[in-house]
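*Asks:* File name model-v6.cif; file contents mmCIF, C-alpha atoms and all ligand atoms; full text below.
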```cif
data_input
loop_
_atom_site.label_atom_id
_atom_site.label_comp_id
_atom_site.auth_asym_id
_atom_site.auth_seq_id
_atom_site.Cartn_x
_atom_site.Cartn_y
_atom_site.Cartn_z
CA MET A 1 84.23 35.43 105.86
CA ASN A 2 80.87 35.85 104.14
CA GLN A 3 77.98 36.70 106.38
CA GLU A 4 74.34 37.66 105.92
CA GLY A 5 71.94 39.94 107.67
CA THR A 6 69.26 42.61 107.50
CA VAL A 7 69.90 46.34 107.25
CA ILE A 8 68.20 47.91 110.28
CA GLN A 9 69.56 51.44 110.05
CA SER A 10 71.27 53.53 107.41
CA THR A 11 72.77 56.97 107.16
CA GLY A 12 73.40 56.75 103.44
CA SER A 13 77.05 55.87 103.90
CA TRP A 14 76.93 53.50 106.88
CA TYR A 15 74.59 50.56 107.29
CA GLU A 16 73.83 48.72 110.49
CA VAL A 17 73.37 45.08 109.60
CA LEU A 18 71.75 42.67 112.03
CA THR A 19 73.09 39.14 111.54
CA HIS A 20 71.15 35.96 112.10
CA ASP A 21 73.08 35.55 115.36
CA GLY A 22 71.71 38.85 116.63
CA GLU A 23 74.95 40.77 116.22
CA VAL A 24 74.93 44.28 114.72
CA VAL A 25 77.77 45.02 112.29
CA ASN A 26 78.54 48.44 110.83
CA CYS A 27 78.97 48.07 107.10
CA ARG A 28 79.80 50.21 104.11
CA LEU A 29 79.16 49.88 100.42
CA ARG A 30 81.83 49.33 97.86
CA GLY A 31 82.19 52.42 95.66
CA GLN A 32 80.48 51.18 92.55
CA PHE A 33 77.64 49.20 94.07
CA ARG A 34 74.68 49.33 91.67
CA ILE A 35 71.43 47.49 91.21
CA LYS A 36 70.38 46.62 87.72
CA GLY A 37 67.05 47.96 86.56
CA ILE A 38 66.43 50.53 89.30
CA LYS A 39 67.54 54.11 89.10
CA THR A 40 67.76 55.19 92.67
CA THR A 41 69.59 57.58 94.89
CA ASN A 42 70.22 54.88 97.48
CA PRO A 43 70.92 51.32 96.39
CA VAL A 44 70.65 49.66 99.81
CA VAL A 45 67.91 50.49 102.31
CA VAL A 46 66.49 49.49 105.66
CA GLY A 47 64.92 46.07 105.44
CA ASP A 48 67.28 44.83 102.77
CA HIS A 49 68.75 41.38 103.15
CA VAL A 50 72.43 41.62 102.32
CA GLY A 51 75.59 39.59 102.19
CA PHE A 52 78.73 41.17 103.57
CA ILE A 53 82.35 40.45 104.42
CA ILE A 54 84.50 41.71 107.24
CA GLU A 55 87.79 43.02 105.94
CA GLU A 56 91.13 43.47 107.61
CA ASP A 57 90.34 47.02 108.70
CA GLY A 58 87.48 45.53 110.75
CA CYS A 59 84.79 47.12 108.60
CA GLY A 60 81.93 45.22 107.09
CA TYR A 61 81.48 45.62 103.35
CA ILE A 62 78.18 44.86 101.71
CA THR A 63 78.87 42.65 98.72
CA GLU A 64 75.45 41.37 97.81
CA LEU A 65 71.86 42.54 97.82
CA LYS A 66 69.31 39.73 98.02
CA PRO A 67 66.17 40.01 95.89
CA ARG A 68 63.49 42.25 97.45
CA LYS A 69 59.97 40.98 97.86
CA ASN A 70 58.70 44.58 97.85
CA TYR A 71 59.77 48.11 98.65
CA ILE A 72 58.27 51.53 99.19
CA ASP A 73 59.68 54.49 97.36
CA ARG A 74 58.95 58.03 96.35
CA LYS A 75 59.97 60.01 93.31
CA SER A 76 62.27 62.87 94.18
CA THR A 77 60.11 65.14 92.02
CA LYS A 78 56.91 64.64 90.10
CA LEU A 79 58.52 64.06 86.74
CA SER A 80 61.68 62.46 88.00
CA LYS A 81 62.60 58.97 86.87
CA ILE A 82 64.85 58.57 89.86
CA SER A 83 63.20 57.17 92.92
CA HIS A 84 64.21 57.31 96.54
CA ILE A 85 63.62 53.94 98.11
CA ILE A 86 62.52 54.20 101.71
CA ALA A 87 62.39 50.63 102.95
CA ALA A 88 62.31 47.08 101.62
CA ASN A 89 60.85 43.70 102.48
CA LEU A 90 57.84 44.78 104.47
CA ASP A 91 55.64 41.93 105.60
CA GLN A 92 52.62 44.03 106.45
CA ALA A 93 51.22 47.45 107.19
CA PHE A 94 48.84 48.48 109.95
CA LEU A 95 46.73 51.47 109.08
CA VAL A 96 45.57 52.96 112.36
CA VAL A 97 42.28 54.84 111.99
CA THR A 98 39.90 56.52 114.41
CA LEU A 99 36.28 57.59 114.14
CA LYS A 100 36.83 60.55 116.42
CA ASP A 101 39.64 62.60 117.95
CA PRO A 102 40.56 62.78 115.03
CA ARG A 103 38.21 61.28 112.46
CA THR A 104 39.99 59.46 109.65
CA SER A 105 38.28 59.93 106.30
CA LEU A 106 37.32 56.97 104.16
CA GLY A 107 39.10 58.73 101.30
CA PHE A 108 42.35 58.57 103.22
CA ILE A 109 41.85 54.90 104.04
CA ASP A 110 41.20 53.99 100.42
CA ARG A 111 44.13 56.04 99.14
CA PHE A 112 46.39 54.32 101.60
CA LEU A 113 45.12 50.91 100.50
CA VAL A 114 45.74 51.81 96.85
CA ALA A 115 49.34 52.69 97.69
CA ALA A 116 49.75 49.51 99.74
CA GLU A 117 48.37 47.43 96.84
CA GLY A 118 50.78 49.17 94.51
CA PHE A 119 53.66 48.31 96.80
CA ARG A 120 52.27 44.82 97.44
CA ILE A 121 52.07 45.20 101.19
CA PRO A 122 49.22 43.36 102.93
CA THR A 123 47.36 45.78 105.19
CA THR A 124 45.31 45.39 108.35
CA LEU A 125 42.97 48.18 109.43
CA ILE A 126 43.11 49.02 113.11
CA PHE A 127 40.17 50.88 114.61
CA ASN A 128 41.81 52.45 117.63
CA LYS A 129 40.31 54.42 120.56
CA TYR A 130 37.49 51.89 120.75
CA ASP A 131 36.83 53.00 124.33
CA LEU A 132 35.65 56.38 123.04
CA TYR A 133 32.90 55.20 120.75
CA GLU A 134 29.13 55.33 121.24
CA ASN A 135 26.89 52.63 119.81
CA GLU A 136 26.49 54.53 116.56
CA GLU A 137 30.23 54.56 115.96
CA LYS A 138 30.57 50.93 116.96
CA GLU A 139 27.92 50.04 114.39
CA GLU A 140 29.80 52.03 111.79
CA ILE A 141 32.95 50.06 112.58
CA THR A 142 31.06 46.78 112.30
CA GLU A 143 29.82 47.81 108.87
CA LEU A 144 33.24 49.04 107.72
CA SER A 145 34.88 45.86 109.00
CA ARG A 146 32.43 43.80 106.98
CA ILE A 147 33.19 45.81 103.84
CA TYR A 148 36.97 45.71 104.20
CA GLU A 149 37.28 42.11 105.38
CA ARG A 150 35.22 40.91 102.43
CA ILE A 151 37.71 42.43 100.00
CA GLY A 152 40.72 41.04 101.81
CA TYR A 153 41.75 43.51 104.51
CA PRO A 154 41.64 42.14 108.04
CA THR A 155 40.41 44.54 110.73
CA LEU A 156 40.98 44.84 114.46
CA CYS A 157 39.48 47.03 117.18
CA THR A 158 41.91 48.30 119.78
CA SER A 159 42.08 50.58 122.76
CA THR A 160 45.19 51.59 124.60
CA VAL A 161 42.94 52.54 127.52
CA THR A 162 41.12 49.23 128.04
CA GLY A 163 43.77 47.04 126.40
CA GLU A 164 41.27 45.61 123.93
CA GLY A 165 42.91 44.03 120.89
CA ILE A 166 46.45 44.61 122.12
CA ASP A 167 47.33 40.93 122.57
CA THR A 168 46.01 40.14 119.11
CA LEU A 169 48.04 42.97 117.61
CA ARG A 170 51.16 41.76 119.40
CA GLU A 171 50.61 38.27 117.97
CA LEU A 172 50.12 39.65 114.47
CA MET A 173 53.46 41.47 114.72
CA ALA A 174 55.53 38.55 115.96
CA GLY A 175 58.27 37.54 113.56
CA LYS A 176 57.28 40.14 110.98
CA VAL A 177 58.41 43.51 109.66
CA SER A 178 55.49 45.91 110.07
CA LEU A 179 54.76 49.46 109.09
CA PHE A 180 52.46 51.55 111.31
CA SER A 181 50.70 54.33 109.48
CA GLY A 182 47.87 56.72 110.06
CA HIS A 183 47.21 60.37 110.78
CA SER A 184 48.83 62.15 113.68
CA GLY A 185 46.95 61.62 116.89
CA VAL A 186 45.29 58.28 116.07
CA GLY A 187 47.43 56.54 118.67
CA LYS A 188 50.30 54.86 116.83
CA SER A 189 52.85 55.63 119.53
CA ALA A 190 50.43 54.73 122.30
CA LEU A 191 49.72 51.36 120.65
CA ILE A 192 53.37 50.54 120.22
CA ASN A 193 54.09 51.50 123.82
CA ARG A 194 51.23 49.33 124.98
CA ILE A 195 52.62 46.42 122.97
CA ASP A 196 56.11 46.95 124.36
CA PRO A 197 56.23 49.37 127.32
CA SER A 198 60.03 49.37 127.34
CA LEU A 199 60.02 51.49 124.17
CA ASN A 200 58.49 54.49 125.93
CA LEU A 201 57.71 56.47 122.76
CA LYS A 202 56.50 60.01 123.16
CA ILE A 203 52.73 60.27 123.06
CA GLY A 204 50.50 63.16 122.27
CA ARG A 205 50.74 66.69 121.13
CA ILE A 206 54.16 67.64 122.40
CA SER A 207 55.79 65.00 120.27
CA GLU A 208 53.75 66.07 117.24
CA VAL A 209 54.88 69.68 117.54
CA HIS A 210 58.38 68.55 118.16
CA SER A 211 58.48 66.17 115.23
CA LYS A 212 57.24 68.80 112.81
CA GLY A 213 60.45 70.72 113.33
CA MET A 214 62.69 67.77 112.71
CA HIS A 215 61.98 66.30 109.30
CA THR A 216 65.69 66.11 108.75
CA THR A 217 66.26 62.57 107.66
CA THR A 218 64.68 60.58 104.89
CA PHE A 219 66.19 57.34 106.11
CA ALA A 220 63.99 54.79 107.75
CA SER A 221 65.01 52.57 110.63
CA MET A 222 63.86 49.29 112.11
CA HIS A 223 63.10 48.63 115.76
CA ARG A 224 62.60 45.36 117.53
CA VAL A 225 59.10 45.11 118.93
CA ALA A 226 57.16 42.09 120.12
CA GLY A 227 59.45 39.56 118.50
CA GLY A 228 59.28 41.38 115.19
CA PHE A 229 60.24 44.73 113.77
CA ILE A 230 58.50 47.98 113.11
CA ILE A 231 59.72 50.26 110.38
CA ASP A 232 60.02 53.89 111.32
CA THR A 233 59.83 56.30 108.41
CA PRO A 234 60.47 59.87 109.45
CA GLY A 235 59.78 62.90 107.30
CA VAL A 236 56.36 61.87 106.12
CA LYS A 237 55.74 65.12 104.26
CA GLU A 238 58.53 64.33 101.89
CA PHE A 239 57.07 61.00 100.89
CA GLY A 240 54.21 62.76 99.21
CA LEU A 241 53.89 61.88 95.60
CA ILE A 242 53.17 58.40 94.47
CA GLN A 243 52.46 58.54 90.79
CA TYR A 244 50.13 56.03 89.28
CA LYS A 245 48.85 55.94 85.78
CA PRO A 246 45.04 56.19 85.74
CA GLU A 247 44.74 52.79 84.10
CA GLU A 248 46.61 51.19 87.02
CA ILE A 249 44.13 52.29 89.67
CA ARG A 250 41.57 49.63 88.76
CA ASP A 251 44.20 47.01 89.63
CA TYR A 252 44.53 48.36 93.18
CA PHE A 253 40.90 47.94 94.23
CA PRO A 254 40.54 44.19 94.82
CA GLU A 255 36.78 44.17 94.36
CA ILE A 256 37.08 46.11 91.10
CA ARG A 257 40.11 44.21 89.86
CA GLN A 258 38.14 40.97 89.73
CA TYR A 259 36.03 42.45 86.93
CA ASN A 260 38.92 43.77 84.84
CA ASN A 261 38.58 42.51 81.27
CA GLN A 262 35.17 40.96 82.05
CA CYS A 263 32.98 43.90 81.04
CA ARG A 264 31.48 44.43 77.58
CA PHE A 265 34.55 46.44 76.61
CA SER A 266 37.72 44.68 77.67
CA ASN A 267 39.51 47.97 78.36
CA CYS A 268 36.57 49.21 80.44
CA THR A 269 37.57 51.88 82.94
CA HIS A 270 34.46 51.06 84.97
CA THR A 271 33.43 54.70 84.97
CA HIS A 272 30.74 55.27 82.35
CA GLU A 273 30.80 52.40 79.85
CA PRO A 274 27.65 50.45 79.01
CA GLY A 275 27.69 46.79 79.98
CA CYS A 276 30.04 47.45 82.90
CA LEU A 277 29.96 44.77 85.58
CA VAL A 278 31.52 47.06 88.18
CA GLN A 279 28.80 49.69 87.82
CA GLU A 280 26.27 46.87 88.07
CA ALA A 281 27.94 45.54 91.24
CA VAL A 282 27.82 49.02 92.78
CA GLU A 283 24.14 49.34 91.95
CA ASN A 284 23.22 46.04 93.53
CA GLY A 285 25.31 46.77 96.61
CA GLU A 286 27.94 44.13 96.09
CA ILE A 287 30.64 46.81 95.83
CA ALA A 288 30.46 49.43 98.59
CA ALA A 289 29.35 52.81 97.29
CA HIS A 290 32.07 54.72 99.15
CA ARG A 291 34.79 52.48 97.72
CA TYR A 292 33.56 53.11 94.20
CA GLU A 293 33.31 56.85 94.86
CA ASN A 294 36.89 56.86 96.08
CA TYR A 295 37.94 54.95 92.97
CA LEU A 296 36.39 57.71 90.85
CA ASN A 297 37.90 60.43 93.06
CA ILE A 298 41.38 58.98 92.73
CA LEU A 299 40.98 58.72 88.96
CA ASN A 300 39.99 62.37 88.84
CA ASP A 301 42.99 63.55 90.80
CA ASN A 302 45.80 64.78 88.67
CA ASP A 303 48.48 64.14 91.19
CA MET A 304 47.83 61.61 93.84
CA ASN A 305 48.97 63.00 97.09
CA ILE A 306 49.34 59.96 99.20
CA ALA A 307 51.54 60.47 102.19
CA PRO A 308 50.79 57.55 104.39
CA TRP A 309 54.19 56.28 105.44
CA GLU A 310 54.19 57.79 108.83
CA LEU A 311 55.41 56.55 112.11
CA LYS A 312 56.17 58.98 114.84
N1 LIG A 401 40.80 57.33 124.61
C1 LIG A 401 41.87 56.89 123.95
N2 LIG A 401 42.91 57.71 123.69
C2 LIG A 401 43.99 57.23 123.02
C3 LIG A 401 44.05 55.88 122.60
N3 LIG A 401 45.23 55.69 121.95
C4 LIG A 401 45.87 56.89 121.99
N4 LIG A 401 45.13 57.81 122.64
C5 LIG A 401 45.47 59.23 122.84
O1 LIG A 401 45.55 59.87 121.59
C6 LIG A 401 46.55 60.86 121.59
C7 LIG A 401 47.54 60.65 120.45
O2 LIG A 401 48.25 59.44 120.66
P1 LIG A 401 49.66 59.15 119.95
O3 LIG A 401 50.07 57.77 120.30
O4 LIG A 401 50.63 60.23 120.26
O5 LIG A 401 49.23 59.26 118.42
P2 LIG A 401 50.18 59.18 117.12
O6 LIG A 401 50.34 60.58 116.64
O7 LIG A 401 49.42 58.36 116.12
O8 LIG A 401 51.46 58.53 117.52
C8 LIG A 401 47.21 60.79 122.96
O9 LIG A 401 46.64 61.78 123.79
C9 LIG A 401 46.85 59.40 123.45
O10 LIG A 401 46.81 59.32 124.86
C10 LIG A 401 42.94 55.01 122.89
O11 LIG A 401 42.90 53.82 122.56
N5 LIG A 401 41.88 55.58 123.57
MG MG A 402 53.33 59.22 117.49
ZN ZN A 403 33.58 47.96 83.64
#
```
Would you put the structure from the file into structure tokens?
Ligand SMILES: Nc1nc2c(ncn2[C@@H]2O[C@H](COP(=O)(O)OP(=O)(O)O)[C@@H](O)[C@H]2O)c(=O)[nH]1
Ligand SMILES: [Mg+2]
Ligand SMILES: [Zn+2]
*Replies:*
Amino acid sequence: MNQEGTVIQSTGSWYEVLTHDGEVVNCRLRGQFRIKGIKTTNPVVVGDHVGFIIEEDGCGYITELKPRKNYIDRKSTKLSKISHIIAANLDQAFLVVTLKDPRTSLGFIDRFLVAAEGFRIPTTLIFNKYDLYENEEKEEITELSRIYERIGYPTLCTSTVTGEGIDTLRELMAGKVSLFSGHSGVGKSALINRIDPSLNLKIGRISEVHSKGMHTTTFASMHRVAGGFIIDTPGVKEFGLIQYKPEEIRDYFPEIRQYNNQCRFSNCTHTHEPGCLVQEAVENGEIAAHRYENYLNILNDNDMNIAPWELK
């Protein structure tokens, strides 16, 4: 009998597939399963929608891979043409940032957003630890929220201490597959616990130290949370290199992208050319100065070390 479901866990040879009825079936791949057009080490990944059959030996066999709306991957090495796909069909990412303990840099935020644009994953910025901030930091968040919301990234202030923003976050996650990213210590685990206390994830330093020693798997997994799923991607260090061509970067800044092909020179890189509408928009304050600086910084990097796909 043909059935369908979503891959929620994989070891590379076995796949746990969650059916629409809520049943989990262990499946395997047929020997020569290939996807056209993608050279990859792993043809089926967590988040994939698949068709499968149950054979006489009781095993499920994946027979069909449904089209992916997006996926995140990494190249196995810098020059490699073979990519390792980490997860597919993500509805959204939450980038958890903090203004202190630790402070997340704007450079990191903008690099993450470039990667998320490249992967076509809508991202919400979460300003966590709101209980810790003085007026000055709150004003900074208000200003950053204005900047990011205007270019299409929703923002939310949260605190796992006061509970602020938690209900909203839970609502945003319902029925969706979400990725939680952000530096160690910003409160990802604490937020997820607060959303669903039954998960009881390890919080704080002990788990950080512990997790550093166990970057063993490069396979993601999905966990049911708040009527949706979160994608857990261990081994963040190994997801390092995302290679973009310099000319692609201007497509991944929404406020810059709108001027592509509008400047005096149609191939304008928006860096130094005369008659550039982007440079004009920066000068008159319409494009935030720090965003433009980060655009230039990313262009100047030879290899873009973006390693944002963390959930611990
Ligand atoms: N004051 C305050 N501390 C928080 C908040 N969220 C998390 N923390 C603390 O920040 C530290 C790191 O949290 P954790 O969830 O482990 O961060 P992760 O590395 O992103 O998963 C822990 O000591 C938490 O108790 C918050 O909203 N306010
Ligand atoms: Mg954690
Ligand atoms: Zn230009």
*Asks:* To one decimal place, how far is CA of Asp251 (chain A) from CA of Tyr292 (chain A) in Å?
*Replies:*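 Rounded to one decimal, the two atoms are 13.1 Å apart.
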*Asks:* Pick out the residues sitting within 8 Å of Lys66 (chain A), and hand them over as a list of chain:residue names; count all atoms listed in the file, and ignore anything fewer than 6 positions along from it in its own chain.
*Replies:* A:Asp48, A:His49, A:Val50, A:Gly51
*Asks:* Nearest to ligand LIG 401 (chain A): which of A:Asn200, A:Thr155, A:Ser105, A:Thr123 is it, counting only C-alpha atoms and all ligand atoms?
*Replies:*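 Smallest distance to ligand LIG 401 (chain A) is found for A:Asn200.
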*Asks:* Counting all atoms listed in the file, what residues are within 8 Å of ligand ZN 403 (chain A), given as a list of chain:residue names?
*Replies:*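 Selection of residues at most 8 Å from ligand ZN 403 (chain A): A:Tyr259, A:Asn260, A:Asn261, A:Gln262, A:Cys263, A:Arg264, A:Phe265, A:Ser266, A:Asn267, A:Cys268, A:Thr269, A:His270, A:Thr271, A:His272, A:Glu273, A:Pro274, A:Gly275, A:Cys276, A:Leu277, A:Val278, A:Gln279.
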*Asks:* Tell me which of A:Tyr148, A:Phe108, A:Phe180, A:Tyr153 sits closest to ligand LIG 401 (chain A), counting all atoms listed in the file.
*Replies:*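 Among the listed residues, A:Phe180 lies closest to ligand LIG 401 (chain A).
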*Asks:* Work out how far apart CA of Phe94 (chain A) and CA of Leu169 (chain A) are and give it in Å to one decimal.
*Replies:*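 About the pair CA of Phe94 (chain A) and CA of Leu169 (chain A): they are 9.5 Å apart.
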*Asks:* List the neighbours of Cys157 (chain A) out to 9 Å using all atoms listed in the file; skip same-chain residues closer than 4 positions along the sequence, and give me the result as a PyMOL selection string.
*Replies:* chain A and resi 125-130+141+164-166
*Asks:* Could you tell me how far CA of Arg103 (chain A) sits from CA of Ile203 (chain A), in Å to one decimal place?
*Replies:*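 Atom-to-atom, CA of Ile203 (chain A) to CA of Arg103 (chain A), that is 18.0 Å.
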*Asks:* With a distance cut-off of 12 Å and only C-alpha atoms, select the neighbouring residues of Tyr295 (chain A), excluding the residue or stretch itself and same-chain residues fewer than 3 positions from it, and output the selection as an NGL selection string.
*Replies:* :A and (106-111 or 113-114 or 246-257 or 269-271 or 278-279 or 282 or 287-292 or 298-301 or 304)
*Asks:* Compile the contact shell of Ile86 (chain A) as a VMD selection string: residues with an atom at most 9 Å away, counting only C-alpha atoms, same-chain residues fewer than 2 positions apart removed.
*Replies:* chain A and resid 42 45 to 46 71 to 74 84 88 218 to 220 233 239
*Asks:* Hey, which of A:Ile82, A:Cys59, A:Leu132, A:Ala115 ends up closest to Thr98 (chain A)? Count all atoms listed in the file.
*Replies:*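 Using all atoms listed in the file, Thr98 (chain A) sits closest to A:Leu132.
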*Asks:* Show me, as a tab-separated table, the residues of chain A having an atom within 8 Å of ligand LIG 401 (chain A), each with the closest atom pair and its distance in Å, using all atoms listed in the file.
*Replies:*
```
residue	atom	partner	partner_atom	distance
A:Val96	CA	A:LIG401	O7	7.6
A:Asp101	CA	A:LIG401	O1	7.5
A:Asn128	CA	A:LIG401	O11	5.2
A:Lys129	CA	A:LIG401	O11	3.3
A:Tyr130	CA	A:LIG401	O11	6.0
A:Asp131	CA	A:LIG401	N5	5.7
A:Leu132	CA	A:LIG401	N1	5.5
A:Thr158	CA	A:LIG401	O11	6.3
A:Ser159	CA	A:LIG401	O11	3.3
A:Thr160	CA	A:LIG401	O11	3.8
A:Val161	CA	A:LIG401	N5	5.1
A:Thr162	CA	A:LIG401	O11	7.4
A:Gly163	CA	A:LIG401	O11	7.8
A:Ser181	CA	A:LIG401	O7	7.9
A:Gly182	CA	A:LIG401	O7	6.5
A:His183	CA	A:LIG401	O7	6.1
A:Ser184	CA	A:LIG401	O6	3.7
A:Gly185	CA	A:LIG401	O6	3.6
A:Val186	CA	A:LIG401	O7	4.1
A:Gly187	CA	A:LIG401	O5	3.3
A:Lys188	CA	A:LIG401	O7	3.7
A:Ser189	CA	A:LIG401	O3	3.6
A:Ala190	CA	A:LIG401	O3	3.7
A:Leu191	CA	A:LIG401	N3	6.4
A:Ile192	CA	A:LIG401	O3	7.9
A:Lys202	CA	A:LIG401	O4	6.6
A:Ile203	CA	A:LIG401	O4	3.5
A:Gly204	CA	A:LIG401	O4	3.6
A:Arg205	CA	A:LIG401	O4	6.5
A:Ser207	CA	A:LIG401	O4	7.0
A:Glu208	CA	A:LIG401	O6	6.5
A:Leu311	CA	A:LIG401	O8	7.0
A:Lys312	CA	A:LIG401	O8	5.4
```
*Asks:* Given only C-alpha atoms and all ligand atoms as the basis, pick out the residue of A:Glu134, A:Gly22, A:Arg224, A:Leu201 nearest to ligand MG 402 (chain A).
*Replies:*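 Residue with the minimum atom-to-atom distance to ligand MG 402 (chain A): A:Leu201.
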*Asks:* Please identify all polymer residues within 10 Å of Arg28 (chain A), counting all atoms listed in the file, omitting same-chain residues fewer than 5 positions from it, and present them as an MDAnalysis selection string.
*Replies:* chainID A and resid 10 12:17 52 59:63
*Asks:* Save the residues we just selected, C-alpha atoms, as a CSV table (one decimal), in the frame of the given file?
*Replies:*
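Here's the written file part-v6.csv:
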```
chain,number,residue,atom,x,y,z
A,10,SER,CA,71.3,53.5,107.4
A,12,GLY,CA,73.4,56.8,103.4
A,13,SER,CA,77.0,55.9,103.9
A,14,TRP,CA,76.9,53.5,106.9
A,15,TYR,CA,74.6,50.6,107.3
A,16,GLU,CA,73.8,48.7,110.5
A,17,VAL,CA,73.4,45.1,109.6
A,52,PHE,CA,78.7,41.2,103.6
A,59,CYS,CA,84.8,47.1,108.6
A,60,GLY,CA,81.9,45.2,107.1
A,61,TYR,CA,81.5,45.6,103.4
A,62,ILE,CA,78.2,44.9,101.7
A,63,THR,CA,78.9,42.6,98.7
```
*Asks:* With only C-alpha atoms as the basis for distance, which of A:Ile231, A:Ile54, A:Leu156, A:Cys27 is at the shortest distance from Leu90 (chain A)?
*Replies:*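 That would be A:Ile231, the residue with the smallest distance to Leu90 (chain A).
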*Asks:* Could you work out an axis-aligned box for region 261-271 of chain A, taking every atom the file lists and adding 6 Å on each side, and report centre and edge lengths in Å to one decimal, as JSON?
*Replies:*
```
{"center_x": 35.5, "center_y": 47.8, "center_z": 80.8, "size_x": 20.0, "size_y": 25.7, "size_z": 20.4}
```
*Asks:* Which of these, A:Ala93, A:Met222, A:Asn193, A:Gln9, has the shortest distance to ligand MG 402 (chain A) once you count only C-alpha atoms and all ligand atoms?
*Replies:* A:Asn193
